Amino acid sequence: MLRIQGGTVYDPANGVNGVVKNIVLDGGKVVTSGEGGRTIDATGMIVFPGGVDVHTHVAGAGLNFARSMIPEEHRQSSPILRSRTKRAGIGGPTPTSFATGYLYAGMGWTTVNEAAVPMLTAKRTHDELHDTPIVDKACCVLMGNNELILDLLERGEHERAKQVVAWYLWAAKGYGIKVVNAGGVAAWKWGKDAKKLTDVVEGYHSLTPGAIIASLARIIDELNLPHPMHLHCNNLGAPGNVGTTLETMKTLESHRAHLAHLQYHAYGGDDWESIRSDAPAIANYFNAHKNLTTDAGAVLFGNAITLSADGPWQYLLYQLTGKKWGNIDVENETGCGVVPYVYREKNIVNAVQWATGLELLLLIDDPWRVALTTDHPNGTSFWRYPEILQLLMDASFRKEEFAKLPEKARSRTCLADLTREYTLYEIAILTSAGPARTLGLSQKGHLGVGADADVAIYNAHKNAATMFSHPRYVIKGGEIVVEDGDIRTTPESRGFITKPSFDPAIEDYLRPLFQSQYTVAFENYPVEMARIPRPIVREV
Amino acid sequence: MAVTATDGFIVRKRSTTITTLLPPLSVVPNATCAGCGCVCDDIELQHDGRSIYVAKNACERGEAWFREQTVERQSSEVLLDAAVEAAAEILHAADLPLVFGLGDSTCEAQREAIALAEQLGGTIDTETSLSHGSMEMAAQLGGKITCTLGEVKNRADFVLYWGANPAETHPRHFERYTLTTTGKYTPSGRADRTLVVVDVRETASTAEADVFLRIRPGQDFEALSILRAVVQGSRFDEAKLAATGLTLDQLRDLSRRMKKARYGIVFVGMGLFQTRGTFMNCAAVTALVIELNSWTRFISMPMRSPGNVSGADAVLSYTTGYPFAVNFSRGYPRYNPGEFSAAGLLARGEVDAALIVGTDAAARLPQAARDHLSRIPTITLDAKPPTFTPRVHITTAAVAAGTVYRMDKVPLTLRPPITSAAPSDETVLRLIRDALAKKSAWYPTAAAVMPAK
Ligand code: SF4
Ligand SMILES: [Zn+2]
């Protein structure tokens with residue numbers, strides 16, 4: 001039993017906007033009332049539901065591939081010292097697994113969605129997530145370039161494709177389905193890309209990225225998955241890609257979809273010289289289409305690691321930067337690219353990217369449909385979220401920062417005209433209530449009775465960056481995990497899994513394909529349930 | 001040469017006289033072998049709950065690996081407790097203890113070993129530092145372009161092994177992944193692929209090659225760099241080429257074959273990890289492969305072995321950020337190959353106690369390092385008796401349930417049908433940690449470990 005007394009509560013899912021009220025936690029849940037136990041005097045403090053990250057990369061083959069490639073970054077990063085409550089680790093652009101749990105919890109975030117899991121290696125993703133303490137997790141598994149599925153879509157076998165999708169999701173113990181550069185990663189295995197939605201995918205006769213996106217969105221809706229298709233649009237990062245993004249949104253008109261890291265898909269201009277923000281065009285369309293949700297994928301200046309299943313984009317980025325290049329092609333399923341990157345304030349392209357992310361966050365009028373992310377570790381590390389919150393809440397601070405950009409970049413964004421300042425209520429939506437709703441996690445992102453007892457309590461401070469980087473208390477599952485900047489305890493987290501129903505006969509179709517196309521036996525492919533601690537299985 | 005699987009090889013003979021009285025053997029399909037980095041998961045086992053008799057599809061090395069799995073054990077419960085306590089005592093008393101080996105342990109045991117090294121403020125290193133660690137260091141210099149083995153099976157029409165002899169070290173590599181196997185875009189298997197082997201001598205693998213290039217020892221970096229120049233069409237020093245033992249015609253032919261490949265792969269073996277300038281050899285491979293990607297798709301991969309050394313790289317990377325040679329003496333992970341590699345630490349006499357998990361690992365160390373191991377208190381964990389006399393030896397199960405990573409880092413699950421009466425590495429490591437936790441604990445303080453700015 002834990003009672004949070006006298007705090008000013010922001011609980012947007014329940015319409016609570018800055019009301020002084022008591023919250024009582026028991027058995028890992030929010031309850032109506034109770035006696036005994038500890039009381040936290042939260043008088044004058046701000047009480048939020050624990051933060052939810054709808055799109056981050058914190059575990060698995062790709063991220064770990066990046067981690068092992070960058071000792072020079074680790075050496076400059078904050079060490080996490082072993083202590084009575086903490087395992088040793090490293091912060092920086094790609095924090096180590098234990099450190100990831102401490103750093104998320106240390107800001108008040110208690111749930112994360114690992115947004116790009118290759119299914120063939122999903123066992124290791126789940127194992128790493130097991131060693132990422134405190135925060136609860138969901139995983140989106142990669143299907144937009146799965147050749148077994150693409151082959152079926154090309155043949156027009158929609159029903160069978162749906163069964164295969166459902167089988168895979170359960171086999172990988174995923175929560176949702178991710179599509180990255182539909183068809184483009186499969187094409188990359190032939191050295192090609194798929195930038196246009198209407199071009200036939202390399203290696204296929206008629207299948208286009210547009211068809212893959214539409215079919216998978218339909219399958220995901222028909223399977224009734226709690227989270228819509230999680231989509232990384234084609235043509236990421238390219239000047240003028242706003243056309244592809246708008247076209248993608250039109251393709252999705254009759255379906256739900258979550259557009260990941262929208263910042264990287266909102267550029268005008270014709271080339272790197274003329275790149276500019278086209279956030280208003282994207283925001284206008286997005287505002288009018290309630291079937292869509294998104295996350296910002298905002299960028300902050302400094303060192304980052306770009307990491308994505310989008311192999312051809314990563315190769316291009318390597319050619320642009322001449323830095324290290326990492327690439328993994330994953331049989332039948334996906335790929336991964338890694339390029340260390342530095343976002344520089346004085347670089348026109350980077351300055352435009354910085355502005356574009358903020359523009360989208362300010363121009364999208366419904367905070368329920370846009371979440372705070374940096375596509376960690378791509379735009380910057382998740383532990384810099386408080387800096388973005390300050391930029392959103394304080395227009396004059398934003399103006400000062402904007403003034404530091406090169407003149408040429410300033411003329412290519414409308415950020416200077418945007419005077420909107422996020423309220424605390426809206427921040428609670430952006431960082432918690434909204435992403436929880438987008439993920440379909442009804443027990444997360446709110447403080448109503450029956451919700452998971454995940455709470456962040458902040459000392460009120462006029463500087464949002466200060467306030468959100470040092471919560472006074474963080475409570476996870478009813479336990480105080482952070483107090484005064486220290487990790488107090490590291491409870492085992494929980495994993496969310498979706499179990500769609502499928503016809504078991506689909507295994508007879510898949511088994512021979514595994515025999516001929518995979519190097520792992522069909523029977524050995526599924527992730528065992530035992531790898532997910534305290535799983536919460538949602539059957540649909 | 002052992003490139004093809006035997007069909008139903010008898011791993012162990014049953015007593016023939018009483019066969020009729022014996023219960024029928026149980027069959028386990030799709031069992032996983034971690035006898036080498038291939039980690040084949042298509043083995044069909046027949047066992048009686050005490051021993052494995054048949055390992056269908058396994059190679060000879062795999063059969064030997066399965067033969068080791070029995071229920072027998074040598075030490076009693078009491079002995080185990082005493083040995084664990086003695087091990088904890090030694091490690092607790094040490095100033096710079098080393099945990100080394102783990103190439104044959106499960107990822108779960110590797111997790112425990114890392115936690116132990118951290119608890120001790122010691123150093124942890126694996127067989128990686130004696131082999132493909134050079135490739136990891138090359139990746140830190142310039143990156144790495146790689147794939148899972150199914151891409152080779154399905155797509156590769158050009159396969160090159162440089163300084164590697166898979167027919168001996170990874171007996172089913174050709175058959176399952178790279179050469180004779182058929183795949184989605186390689187329906188004719190062997191006929192769809194060109195095999196090139198570069199080595200200093202003829203081997204069982206060169207015998208299979210379409211092209212065998214014999215290179216002089218220690219000339220790998222030069223040959224790889226000149227090959228890259230030939231691919232690029234840029235200039236190089238002809239005297240240096242002559243020194244490699246290869247001719248310009250040979251390199252031109254190789255370059256032509258590589259460029260016209262649809263999907264090519266370079267496997268890198270011990271030949272590059274053991275000669276002078278190991279990580280520069282590997283960086284030259286990466287540079288060549290990156291160059292080739294402006295012509296077609298090209299990939300490289302080290303021939304990781306033993307069975308789960310890949311898992312150790314992965315578990316260390318996600319826990320500490322670094323793939324091998326990690327030191328915790330300041331209370332957070334630091335990495336410096338050479339400084340924190342087992343071979344160097346031991347040879348310089350900087351280690352005052354060692355825990356060796358898997359005694360083969362100790363056998364792989366250079367002589368000077370092994371000498372130091374017999375001077376200091378050493379603890380060994382293995383199913384087999386150690387080849388030297390450690391202070392404490394704990395007999396562990398030959399194979400335990402858990403996770404192993406294939407050489408391409410695809411995770412697979414080990415489910416041995418025989419439960420050994422001996423504890424697993426994972427269990428013993430946890431027991432040692434528990435015993436240590438009862439002694440005075442060391443925690444770093446920020447002031448002590450962070451030099452004042
Ligand atoms: S090739 Fe390696 S993994 Fe496969 S059966 Fe032989 S020893 Fe075992
Ligand atoms: Zn992402």
# chains A, B, ... in the order shown; residues from 1 in each chain; ligands from 1
>>> interface_residues(of="chain A", to="chain B", cutoff="6 Å", atoms="only C-alpha atoms", output="compact mmCIF listing (two decimals) with N, CA and C atoms, in the first residue's frame")
# COMPACT_ATOMS: atom_id res chain seq x y z
N ASN A 64 22.65 -3.88 -30.58
CA ASN A 64 23.85 -4.44 -29.97
C ASN A 64 25.03 -4.43 -30.94
N ARG A 67 26.21 -1.04 -30.55
CA ARG A 67 26.95 -0.88 -29.29
C ARG A 67 28.39 -1.38 -29.40
N SER A 68 28.56 -2.56 -30.01
CA SER A 68 29.89 -3.16 -30.02
C SER A 68 30.82 -2.44 -30.99
N MET A 69 30.27 -1.55 -31.83
CA MET A 69 31.08 -0.86 -32.83
C MET A 69 31.63 0.49 -32.38
N ILE A 70 31.19 0.98 -31.21
CA ILE A 70 31.51 2.37 -30.88
C ILE A 70 32.17 2.56 -29.51
N LEU A 81 28.01 3.48 -12.21
CA LEU A 81 28.80 2.70 -11.26
C LEU A 81 27.96 1.62 -10.60
N ARG A 82 28.58 0.47 -10.44
CA ARG A 82 27.94 -0.59 -9.67
C ARG A 82 27.63 -0.08 -8.26
N SER A 83 26.44 -0.41 -7.78
CA SER A 83 26.09 -0.01 -6.41
C SER A 83 25.22 -1.11 -5.82
N ALA A 88 26.65 -2.33 -13.06
CA ALA A 88 27.52 -1.39 -13.76
C ALA A 88 27.04 -1.25 -15.21
N GLY A 89 27.37 -0.12 -15.81
CA GLY A 89 26.98 0.08 -17.20
C GLY A 89 27.50 1.40 -17.73
N THR A 96 23.90 0.77 -22.10
CA THR A 96 23.88 -0.68 -21.94
C THR A 96 22.54 -1.10 -21.34
N SER A 97 22.27 -2.42 -21.34
CA SER A 97 20.90 -2.85 -21.06
C SER A 97 20.43 -2.44 -19.66
N THR A 121 15.90 -13.40 -34.84
CA THR A 121 16.75 -13.24 -33.66
C THR A 121 15.96 -12.69 -32.46
N GLY A 191 20.95 -4.91 -53.85
CA GLY A 191 21.64 -3.64 -54.06
C GLY A 191 20.72 -2.51 -54.51
N LYS A 324 31.97 5.07 -40.12
CA LYS A 324 31.81 3.62 -40.10
C LYS A 324 30.46 3.23 -40.69
N TRP A 325 30.44 2.05 -41.26
CA TRP A 325 29.17 1.52 -41.76
C TRP A 325 28.98 0.10 -41.27
N GLY A 326 27.85 -0.13 -40.63
CA GLY A 326 27.48 -1.49 -40.23
C GLY A 326 26.26 -1.94 -41.02
N ASN A 327 26.22 -3.19 -41.38
CA ASN A 327 25.08 -3.72 -42.13
C ASN A 327 24.88 -5.19 -41.76
N ILE A 328 23.64 -5.58 -41.50
CA ILE A 328 23.33 -7.01 -41.36
C ILE A 328 22.14 -7.31 -42.27
N ASP A 329 22.26 -8.30 -43.14
CA ASP A 329 21.11 -8.80 -43.90
C ASP A 329 20.59 -10.02 -43.16
N VAL A 330 19.31 -10.02 -42.85
CA VAL A 330 18.72 -11.13 -42.10
C VAL A 330 17.87 -11.96 -43.05
N GLU A 331 18.19 -13.24 -43.15
CA GLU A 331 17.58 -14.11 -44.15
C GLU A 331 16.06 -14.04 -44.15
N SER A 516 13.43 -25.08 -47.01
CA SER A 516 14.16 -24.66 -48.21
C SER A 516 14.79 -23.28 -48.10
N GLN A 517 14.27 -22.39 -47.24
CA GLN A 517 14.75 -21.01 -47.24
C GLN A 517 15.42 -20.53 -45.96
N TYR A 518 15.17 -21.20 -44.86
CA TYR A 518 15.79 -20.78 -43.60
C TYR A 518 16.95 -21.71 -43.25
N THR A 519 17.78 -21.29 -42.31
CA THR A 519 18.85 -22.15 -41.81
C THR A 519 18.56 -22.62 -40.38
>>> closest_atom_pairs(of="chain B", to="ligand 1", cutoff="7 Å", atoms="only C-alpha atoms and all ligand atoms", output="CSV")
residue,atom,partner,partner_atom_place_in_ligand_line,distance
B:Cys33,CA,ligand 1,8 (Fe),4.5
B:Ala34,CA,ligand 1,3 (S),4.8
B:Gly35,CA,ligand 1,7 (S),3.7
B:Cys36,CA,ligand 1,2 (Fe),3.9
B:Gly37,CA,ligand 1,2 (Fe),6.1
B:Cys38,CA,ligand 1,3 (S),4.4
B:Val39,CA,ligand 1,3 (S),3.8
B:Cys40,CA,ligand 1,4 (Fe),4.3
B:Asn57,CA,ligand 1,5 (S),6.9
B:Ala58,CA,ligand 1,5 (S),3.9
B:Cys59,CA,ligand 1,6 (Fe),4.3
B:Glu60,CA,ligand 1,6 (Fe),6.5
B:Arg61,CA,ligand 1,7 (S),4.6
B:Gly62,CA,ligand 1,7 (S),3.7
B:His170,CA,ligand 1,1 (S),5.1
B:Pro171,CA,ligand 1,1 (S),4.4
B:Arg172,CA,ligand 1,1 (S),4.1
B:His173,CA,ligand 1,1 (S),6.4
>>> write_last_selection(atoms="N, CA and C atoms", output="compact mmCIF listing (two decimals), in the first residue's frame")
# COMPACT_ATOMS: atom_id res chain seq x y z
N CYS B 33 23.31 -28.82 -31.88
CA CYS B 33 24.69 -29.17 -31.53
C CYS B 33 25.49 -27.88 -31.42
N ALA B 34 26.27 -27.75 -30.39
CA ALA B 34 27.14 -26.57 -30.30
C ALA B 34 28.61 -27.01 -30.33
N GLY B 35 28.87 -28.05 -31.12
CA GLY B 35 30.23 -28.55 -31.24
C GLY B 35 31.16 -27.59 -31.93
N CYS B 36 30.60 -26.71 -32.76
CA CYS B 36 31.40 -25.65 -33.39
C CYS B 36 30.46 -24.49 -33.70
N GLY B 37 30.98 -23.44 -34.31
CA GLY B 37 30.18 -22.24 -34.57
C GLY B 37 29.03 -22.44 -35.54
N CYS B 38 28.96 -23.61 -36.20
CA CYS B 38 27.83 -23.89 -37.11
C CYS B 38 26.51 -24.00 -36.36
N VAL B 39 26.58 -24.48 -35.10
CA VAL B 39 25.39 -24.69 -34.27
C VAL B 39 24.23 -25.29 -35.08
N CYS B 40 24.46 -26.49 -35.62
CA CYS B 40 23.44 -27.16 -36.43
C CYS B 40 22.24 -27.51 -35.54
N ASN B 57 22.65 -36.90 -38.64
CA ASN B 57 22.99 -35.63 -39.31
C ASN B 57 24.23 -34.96 -38.73
N ALA B 58 24.66 -35.36 -37.55
CA ALA B 58 25.83 -34.68 -36.96
C ALA B 58 27.10 -35.13 -37.68
N CYS B 59 28.10 -34.26 -37.68
CA CYS B 59 29.41 -34.63 -38.20
C CYS B 59 30.17 -35.36 -37.08
N GLU B 60 31.38 -35.81 -37.37
CA GLU B 60 32.12 -36.56 -36.36
C GLU B 60 32.36 -35.74 -35.10
N ARG B 61 32.70 -34.47 -35.31
CA ARG B 61 32.93 -33.63 -34.16
C ARG B 61 31.65 -33.49 -33.32
N GLY B 62 30.55 -33.37 -34.02
CA GLY B 62 29.26 -33.27 -33.34
C GLY B 62 28.95 -34.53 -32.56
N HIS B 170 34.69 -26.13 -39.09
CA HIS B 170 33.23 -26.02 -39.09
C HIS B 170 32.71 -27.06 -40.09
N PRO B 171 32.74 -28.35 -39.70
CA PRO B 171 32.60 -29.43 -40.68
C PRO B 171 31.35 -29.38 -41.58
N ARG B 172 30.25 -28.82 -41.10
CA ARG B 172 29.05 -28.82 -41.96
C ARG B 172 28.76 -27.45 -42.58
N HIS B 173 29.74 -26.57 -42.56
CA HIS B 173 29.54 -25.22 -43.10
C HIS B 173 29.14 -25.26 -44.58
>>> closest_residue(among="A:Ile536, A:Val141, A:Val200, A:Met107", to="A:Ile487", atoms="only C-alpha atoms")
A:Met107
>>> select_by_dssp(residues="stretch 164-274 of chain B", states="strand (DSSP E or B)", output="list in words")
Gly183, Thr186, Thr194, Leu195, Val196, Val197, Val198, Asp199, Val211, Phe212, Leu213, Arg214, Tyr263, Gly264, Ile265, Val266, Phe267 and Val268 of chain B
>>> write_last_selection(atoms="N, CA and C atoms", output="PDB file, in the first residue's frame")
ATOM      1  N   GLY B 183      19.165 -23.005 -52.107  1.00  0.00           N
ATOM      2  CA  GLY B 183      18.388 -21.964 -51.441  1.00  0.00           C
ATOM      3  C   GLY B 183      17.443 -21.319 -52.435  1.00  0.00           C
ATOM      4  N   THR B 186      19.349 -20.099 -55.302  1.00  0.00           N
ATOM      5  CA  THR B 186      20.467 -20.979 -55.659  1.00  0.00           C
ATOM      6  C   THR B 186      19.934 -22.405 -55.761  1.00  0.00           C
ATOM      7  N   THR B 194      30.534 -20.050 -56.972  1.00  0.00           N
ATOM      8  CA  THR B 194      31.978 -20.139 -57.162  1.00  0.00           C
ATOM      9  C   THR B 194      32.616 -20.148 -55.785  1.00  0.00           C
ATOM     10  N   LEU B 195      33.504 -21.104 -55.531  1.00  0.00           N
ATOM     11  CA  LEU B 195      34.197 -21.155 -54.253  1.00  0.00           C
ATOM     12  C   LEU B 195      35.675 -20.815 -54.460  1.00  0.00           C
ATOM     13  N   VAL B 196      36.137 -19.799 -53.763  1.00  0.00           N
ATOM     14  CA  VAL B 196      37.545 -19.417 -53.790  1.00  0.00           C
ATOM     15  C   VAL B 196      38.099 -19.604 -52.383  1.00  0.00           C
ATOM     16  N   VAL B 197      39.278 -20.185 -52.259  1.00  0.00           N
ATOM     17  CA  VAL B 197      39.927 -20.294 -50.952  1.00  0.00           C
ATOM     18  C   VAL B 197      41.318 -19.687 -51.050  1.00  0.00           C
ATOM     19  N   VAL B 198      41.611 -18.786 -50.142  1.00  0.00           N
ATOM     20  CA  VAL B 198      42.947 -18.193 -50.063  1.00  0.00           C
ATOM     21  C   VAL B 198      43.593 -18.737 -48.795  1.00  0.00           C
ATOM     22  N   ASP B 199      44.755 -19.365 -48.928  1.00  0.00           N
ATOM     23  CA  ASP B 199      45.404 -19.915 -47.737  1.00  0.00           C
ATOM     24  C   ASP B 199      46.890 -20.075 -48.016  1.00  0.00           C
ATOM     25  N   VAL B 211      38.739 -22.086 -57.193  1.00  0.00           N
ATOM     26  CA  VAL B 211      39.996 -21.356 -57.313  1.00  0.00           C
ATOM     27  C   VAL B 211      40.698 -21.411 -55.959  1.00  0.00           C
ATOM     28  N   PHE B 212      41.918 -21.887 -55.959  1.00  0.00           N
ATOM     29  CA  PHE B 212      42.720 -21.859 -54.732  1.00  0.00           C
ATOM     30  C   PHE B 212      43.883 -20.904 -54.955  1.00  0.00           C
ATOM     31  N   LEU B 213      43.985 -19.897 -54.130  1.00  0.00           N
ATOM     32  CA  LEU B 213      45.091 -18.943 -54.227  1.00  0.00           C
ATOM     33  C   LEU B 213      46.002 -19.168 -53.036  1.00  0.00           C
ATOM     34  N   ARG B 214      47.238 -19.532 -53.366  1.00  0.00           N
ATOM     35  CA  ARG B 214      48.177 -19.806 -52.283  1.00  0.00           C
ATOM     36  C   ARG B 214      48.961 -18.535 -52.003  1.00  0.00           C
ATOM     37  N   TYR B 263      25.743 -11.756 -55.198  1.00  0.00           N
ATOM     38  CA  TYR B 263      25.822 -11.580 -53.745  1.00  0.00           C
ATOM     39  C   TYR B 263      27.044 -12.390 -53.309  1.00  0.00           C
ATOM     40  N   GLY B 264      28.058 -11.705 -52.808  1.00  0.00           N
ATOM     41  CA  GLY B 264      29.307 -12.388 -52.477  1.00  0.00           C
ATOM     42  C   GLY B 264      29.592 -12.325 -50.990  1.00  0.00           C
ATOM     43  N   ILE B 265      30.352 -13.285 -50.517  1.00  0.00           N
ATOM     44  CA  ILE B 265      30.721 -13.288 -49.098  1.00  0.00           C
ATOM     45  C   ILE B 265      32.172 -13.681 -48.917  1.00  0.00           C
ATOM     46  N   VAL B 266      32.823 -13.014 -47.971  1.00  0.00           N
ATOM     47  CA  VAL B 266      34.188 -13.360 -47.588  1.00  0.00           C
ATOM     48  C   VAL B 266      34.144 -13.864 -46.145  1.00  0.00           C
ATOM     49  N   PHE B 267      34.459 -15.146 -45.950  1.00  0.00           N
ATOM     50  CA  PHE B 267      34.604 -15.678 -44.595  1.00  0.00           C
ATOM     51  C   PHE B 267      36.070 -15.562 -44.191  1.00  0.00           C
ATOM     52  N   VAL B 268      36.284 -15.096 -42.969  1.00  0.00           N
ATOM     53  CA  VAL B 268      37.635 -14.812 -42.511  1.00  0.00           C
ATOM     54  C   VAL B 268      37.992 -15.773 -41.382  1.00  0.00           C
TER      55      VAL B 268
END
>>> residues_around(residues="A:Leu392", least_positions_apart="5", cutoff="8 Å", atoms="only C-alpha atoms", output="VMD selection string")
chain A and resid 358 361 to 362 398 420 to 422
>>> write_last_selection(atoms="all heavy atoms", output="mmCIF file, in the first residue's frame")
data_model
loop_
_atom_site.group_PDB
_atom_site.id
_atom_site.type_symbol
_atom_site.label_atom_id
_atom_site.label_comp_id
_atom_site.auth_asym_id
_atom_site.auth_seq_id
_atom_site.Cartn_x
_atom_site.Cartn_y
_atom_site.Cartn_z
ATOM 1 N N LEU A 358 10.309 19.814 -34.227
ATOM 2 C CA LEU A 358 9.550 20.705 -33.342
ATOM 3 C C LEU A 358 8.297 21.233 -34.033
ATOM 4 O O LEU A 358 7.228 21.325 -33.426
ATOM 5 C CB LEU A 358 10.449 21.861 -32.889
ATOM 6 C CG LEU A 358 11.633 21.440 -32.009
ATOM 7 C CD1 LEU A 358 12.559 22.625 -31.741
ATOM 8 C CD2 LEU A 358 11.138 20.846 -30.683
ATOM 9 N N LEU A 361 5.579 18.678 -33.849
ATOM 10 C CA LEU A 361 5.014 18.578 -32.501
ATOM 11 C C LEU A 361 4.089 19.762 -32.209
ATOM 12 O O LEU A 361 3.120 19.634 -31.461
ATOM 13 C CB LEU A 361 6.140 18.509 -31.460
ATOM 14 C CG LEU A 361 6.817 17.142 -31.347
ATOM 15 C CD1 LEU A 361 8.166 17.251 -30.644
ATOM 16 C CD2 LEU A 361 5.906 16.152 -30.601
ATOM 17 N N LEU A 362 4.399 20.928 -32.807
ATOM 18 C CA LEU A 362 3.589 22.119 -32.535
ATOM 19 C C LEU A 362 2.419 22.262 -33.502
ATOM 20 O O LEU A 362 1.399 22.857 -33.164
ATOM 21 C CB LEU A 362 4.482 23.364 -32.591
ATOM 22 C CG LEU A 362 5.568 23.412 -31.504
ATOM 23 C CD1 LEU A 362 6.642 24.436 -31.835
ATOM 24 C CD2 LEU A 362 4.946 23.697 -30.140
ATOM 25 N N ARG A 398 12.638 28.535 -26.943
ATOM 26 C CA ARG A 398 12.698 27.983 -28.308
ATOM 27 C C ARG A 398 13.211 29.032 -29.278
ATOM 28 O O ARG A 398 14.031 28.758 -30.149
ATOM 29 C CB ARG A 398 11.294 27.524 -28.692
ATOM 30 C CG ARG A 398 11.232 26.697 -29.953
ATOM 31 C CD ARG A 398 9.932 25.933 -29.998
ATOM 32 N NE ARG A 398 8.777 26.793 -30.211
ATOM 33 C CZ ARG A 398 7.643 26.714 -29.517
ATOM 34 N NH1 ARG A 398 7.500 25.819 -28.561
ATOM 35 N NH2 ARG A 398 6.634 27.535 -29.775
ATOM 36 N N ARG A 420 2.884 28.411 -30.027
ATOM 37 C CA ARG A 420 2.225 27.465 -29.112
ATOM 38 C C ARG A 420 3.181 27.022 -28.000
ATOM 39 O O ARG A 420 4.356 26.805 -28.234
ATOM 40 C CB ARG A 420 1.772 26.242 -29.912
ATOM 41 C CG ARG A 420 1.126 25.170 -29.065
ATOM 42 C CD ARG A 420 0.605 24.021 -29.928
ATOM 43 N NE ARG A 420 0.195 22.901 -29.086
ATOM 44 C CZ ARG A 420 -0.063 21.686 -29.563
ATOM 45 N NH1 ARG A 420 0.054 21.439 -30.858
ATOM 46 N NH2 ARG A 420 -0.451 20.721 -28.742
ATOM 47 N N GLU A 421 2.650 26.949 -26.805
ATOM 48 C CA GLU A 421 3.394 26.380 -25.685
ATOM 49 C C GLU A 421 2.587 25.230 -25.115
ATOM 50 O O GLU A 421 1.399 25.383 -24.813
ATOM 51 C CB GLU A 421 3.643 27.431 -24.589
ATOM 52 C CG GLU A 421 4.668 28.465 -24.997
ATOM 53 C CD GLU A 421 4.981 29.464 -23.878
ATOM 54 O OE1 GLU A 421 4.100 29.661 -23.003
ATOM 55 O OE2 GLU A 421 6.081 30.027 -23.881
ATOM 56 N N TYR A 422 3.191 24.082 -24.996
ATOM 57 C CA TYR A 422 2.509 22.926 -24.427
ATOM 58 C C TYR A 422 2.218 23.170 -22.947
ATOM 59 O O TYR A 422 3.057 23.700 -22.225
ATOM 60 C CB TYR A 422 3.391 21.678 -24.555
ATOM 61 C CG TYR A 422 3.136 20.836 -25.788
ATOM 62 C CD1 TYR A 422 3.637 21.213 -27.033
ATOM 63 C CD2 TYR A 422 2.414 19.648 -25.705
ATOM 64 C CE1 TYR A 422 3.420 20.420 -28.158
ATOM 65 C CE2 TYR A 422 2.195 18.849 -26.821
ATOM 66 C CZ TYR A 422 2.696 19.243 -28.048
ATOM 67 O OH TYR A 422 2.479 18.461 -29.153
#
>>> residues_near_ligand(ligand="ligand 2", cutoff="9 Å", atoms="only C-alpha atoms and all ligand atoms", output="MDAnalysis selection string")
chainID A and resid 55:57 114:116 180 232 260:261 297 307:309 374:378
>>> closest_residue(among="A:Trp272, A:Tyr10, A:Tyr267, A:Tyr104", to="A:Gly91", atoms="only C-alpha atoms")
A:Tyr104
>>> select_by_dssp(residues="stretch 155-262 of chain B", states="alpha helix (DSSP H)", output="ChimeraX atom specification")
/B:155,166-169,173,220-232,238-244,248-260
>>> atom_distance(atom1="atom CA of A:Thr380", atom2="atom CA of A:Leu300")
5.8 Å
>>> atom_distance(atom1="atom CA of B:Val326", atom2="atom CA of B:Asp125")
6.4 Å
>>> residues_around(residues="A:Pro533", least_positions_apart="4", cutoff="9 Å", atoms="only C-alpha atoms", output="PyMOL selection string")
chain A and resi 130+492-495+529
>>> closest_residue(among="B:Lys439, B:Arg201, B:Arg252, B:Arg67", to="B:Ile226", atoms="only C-alpha atoms")
B:Arg252
